[in-house]
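Asker: What follows is a structure written as structure tokens; I'll ask about it next.
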Amino acid sequence: GRSAIMLVPEIALTPQTNPEVELQQFLNTLSTLIESKDMNNLEGIQAYFSEAYLAADDKVTLFAVATGVIPANFEKVIPSITKLFETYDAIQFKFQDIQMDITHTRKASVKLKLDVITEKGPRPDRKEVTAECQIDFRKEESGWKATFWQLFKVEVHL
């Protein structure tokens, strides 16, 4: 009989990933979850932060933490976002002017502009906070997580 020769294609054991695309999706989804103001999303939002997550401790970042724009650490994610949801009738949370610095497929840093617009009350009291910031990420088992957040400049428009 004839012997059959089987050609087995080379299969990559780890899927090829594109950190830029994954981080853009991360930021888009985080924005959507926060803008939803849905208390059922709190654990989902916390899942975007590494358990090692910390905000920087400079004056500008501490101001943003105090105003509730960003959480101080992993344990504060749920209380911070809960307070945002309870305080405002509407929230826009937009990441813009995104510049990515990909160290490798498991570590990255992103410089961006964060625009947070909140509205409260029947005749909406509108506040806008614009911040230039850097978020550091690392890829853990379940995907990308924010590990560090620092703000360089914050403008508040009342």
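By order of appearance in the structure tokens: chains A, B, ..., then residues from 1 within every chain, and ligands from 1 in the order shown.
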Do a neighbour search on A:Asp101 at 9 Å with only C-alpha atoms, toss out local chain neighbours closer than 6 positions, and write the hits as a list in words.

Answerer: Glu20, Lys107, Ala108, Ser109, Val110 and Lys111 of chain A

Asker: Enumerate as a ChimeraX atom specification all residues of chain A assigned to alpha helix (DSSP H) by DSSP on the backbone, naming them with the chain letters and numbers the document uses.

Answerer: /A:19-35,42-46,59-66,77-87

Asker: Write a file of the just-selected residues containing N, CA and C atoms, as a compact mmCIF listing (two decimals), in the first residue's frame.

Answerer:
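Wrote result_0.txt, looks like this:
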```
# COMPACT_ATOMS: atom_id res chain seq x y z
N PRO A 19 -0.99 44.52 21.43
CA PRO A 19 -1.23 45.31 22.65
C PRO A 19 -1.94 46.63 22.38
N GLU A 20 -1.63 47.30 21.26
CA GLU A 20 -2.28 48.58 20.97
C GLU A 20 -3.79 48.41 20.86
N VAL A 21 -4.21 47.40 20.11
CA VAL A 21 -5.64 47.15 19.91
C VAL A 21 -6.28 46.75 21.25
N GLU A 22 -5.61 45.88 22.00
CA GLU A 22 -6.16 45.42 23.28
C GLU A 22 -6.29 46.57 24.27
N LEU A 23 -5.30 47.46 24.32
CA LEU A 23 -5.37 48.58 25.26
C LEU A 23 -6.42 49.60 24.84
N GLN A 24 -6.59 49.80 23.54
CA GLN A 24 -7.66 50.69 23.07
C GLN A 24 -9.02 50.13 23.48
N GLN A 25 -9.18 48.80 23.33
CA GLN A 25 -10.44 48.16 23.74
C GLN A 25 -10.62 48.30 25.26
N PHE A 26 -9.54 48.14 26.02
CA PHE A 26 -9.57 48.29 27.47
C PHE A 26 -10.12 49.67 27.83
N LEU A 27 -9.54 50.73 27.23
CA LEU A 27 -9.94 52.10 27.55
C LEU A 27 -11.39 52.36 27.12
N ASN A 28 -11.77 51.86 25.94
CA ASN A 28 -13.15 52.05 25.46
C ASN A 28 -14.15 51.38 26.40
N THR A 29 -13.84 50.15 26.80
CA THR A 29 -14.76 49.40 27.66
C THR A 29 -14.84 50.03 29.05
N LEU A 30 -13.70 50.46 29.59
CA LEU A 30 -13.70 51.11 30.90
C LEU A 30 -14.56 52.38 30.85
N SER A 31 -14.42 53.19 29.78
CA SER A 31 -15.25 54.39 29.61
C SER A 31 -16.73 54.03 29.62
N THR A 32 -17.08 53.01 28.84
CA THR A 32 -18.48 52.59 28.71
C THR A 32 -19.04 52.13 30.05
N LEU A 33 -18.25 51.33 30.78
CA LEU A 33 -18.71 50.83 32.08
C LEU A 33 -18.96 51.97 33.07
N ILE A 34 -18.06 52.95 33.08
CA ILE A 34 -18.22 54.08 34.01
C ILE A 34 -19.40 54.96 33.58
N GLU A 35 -19.53 55.20 32.27
CA GLU A 35 -20.62 56.03 31.78
C GLU A 35 -21.99 55.39 31.98
N LEU A 42 -19.78 47.42 38.96
CA LEU A 42 -18.68 47.78 39.86
C LEU A 42 -17.56 46.75 39.88
N GLU A 43 -17.91 45.48 40.00
CA GLU A 43 -16.86 44.45 40.03
C GLU A 43 -16.17 44.35 38.68
N GLY A 44 -16.93 44.57 37.62
CA GLY A 44 -16.35 44.57 36.27
C GLY A 44 -15.34 45.69 36.11
N ILE A 45 -15.66 46.86 36.67
CA ILE A 45 -14.73 47.99 36.62
C ILE A 45 -13.49 47.67 37.45
N GLN A 46 -13.69 47.13 38.64
CA GLN A 46 -12.55 46.79 39.50
C GLN A 46 -11.63 45.78 38.81
N LYS A 59 1.02 65.91 44.23
CA LYS A 59 -0.12 66.80 44.54
C LYS A 59 -1.22 66.75 43.49
N VAL A 60 -0.86 66.75 42.22
CA VAL A 60 -1.87 66.78 41.16
C VAL A 60 -2.71 65.50 41.19
N THR A 61 -2.03 64.36 41.31
CA THR A 61 -2.76 63.08 41.33
C THR A 61 -3.62 62.99 42.59
N LEU A 62 -3.08 63.40 43.73
CA LEU A 62 -3.85 63.35 44.98
C LEU A 62 -5.10 64.22 44.89
N PHE A 63 -5.00 65.35 44.17
CA PHE A 63 -6.18 66.20 43.96
C PHE A 63 -7.25 65.41 43.19
N ALA A 64 -6.84 64.70 42.14
CA ALA A 64 -7.79 63.92 41.33
C ALA A 64 -8.41 62.80 42.16
N VAL A 65 -7.60 62.19 43.03
CA VAL A 65 -8.11 61.14 43.92
C VAL A 65 -9.15 61.75 44.87
N ALA A 66 -8.81 62.93 45.44
CA ALA A 66 -9.71 63.59 46.39
C ALA A 66 -11.04 63.99 45.73
N VAL A 77 -11.26 51.16 44.46
CA VAL A 77 -11.93 51.24 43.16
C VAL A 77 -13.45 51.24 43.32
N ILE A 78 -13.98 50.24 44.01
CA ILE A 78 -15.44 50.13 44.13
C ILE A 78 -16.02 51.32 44.91
N PRO A 79 -15.46 51.70 46.09
CA PRO A 79 -16.02 52.87 46.77
C PRO A 79 -15.93 54.16 45.94
N SER A 80 -14.83 54.36 45.22
CA SER A 80 -14.68 55.58 44.41
C SER A 80 -15.72 55.64 43.30
N ILE A 81 -15.88 54.55 42.58
CA ILE A 81 -16.82 54.53 41.45
C ILE A 81 -18.26 54.59 41.97
N THR A 82 -18.53 53.94 43.08
CA THR A 82 -19.87 54.00 43.69
C THR A 82 -20.23 55.45 43.99
N LYS A 83 -19.27 56.18 44.55
CA LYS A 83 -19.52 57.59 44.90
C LYS A 83 -19.77 58.42 43.63
N LEU A 84 -18.99 58.17 42.59
CA LEU A 84 -19.22 58.85 41.31
C LEU A 84 -20.65 58.60 40.81
N PHE A 85 -21.05 57.32 40.83
CA PHE A 85 -22.38 56.93 40.35
C PHE A 85 -23.48 57.59 41.17
N GLU A 86 -23.28 57.64 42.50
CA GLU A 86 -24.31 58.19 43.38
C GLU A 86 -24.37 59.71 43.33
N THR A 87 -23.23 60.35 43.06
CA THR A 87 -23.15 61.81 43.11
C THR A 87 -23.72 62.47 41.86
```

Asker: Go through A:Gln96, A:Ala52, A:Phe148, A:Val116 and flag the residue nearest A:Gly68, using only C-alpha atoms for the distances.

Answerer: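 Nearest to A:Gly68: A:Val116.
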
Asker: Please list as an MDAnalysis selection string every residue within 9 Å of stretch 123-137 of chain A, counting only C-alpha atoms and excluding residues in the same chain fewer than 4 positions away.

Answerer: chainID A and resid 23 49:50 61 64 69 89 106:119 144:158

Asker: As a ChimeraX atom specification, list the residues of chain A assigned to strand (DSSP E) by DSSP on the backbone atoms of this structure.

Answerer: /A:49-55,90-104,107-120,125-140,143-157

Asker: Record the distance separating atom CA of A:Lys120 and atom CA of A:Ile70, expressed in Å with one decimal.

Answerer: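 Separation of atom CA of A:Lys120 and atom CA of A:Ile70: 18.8 Å.
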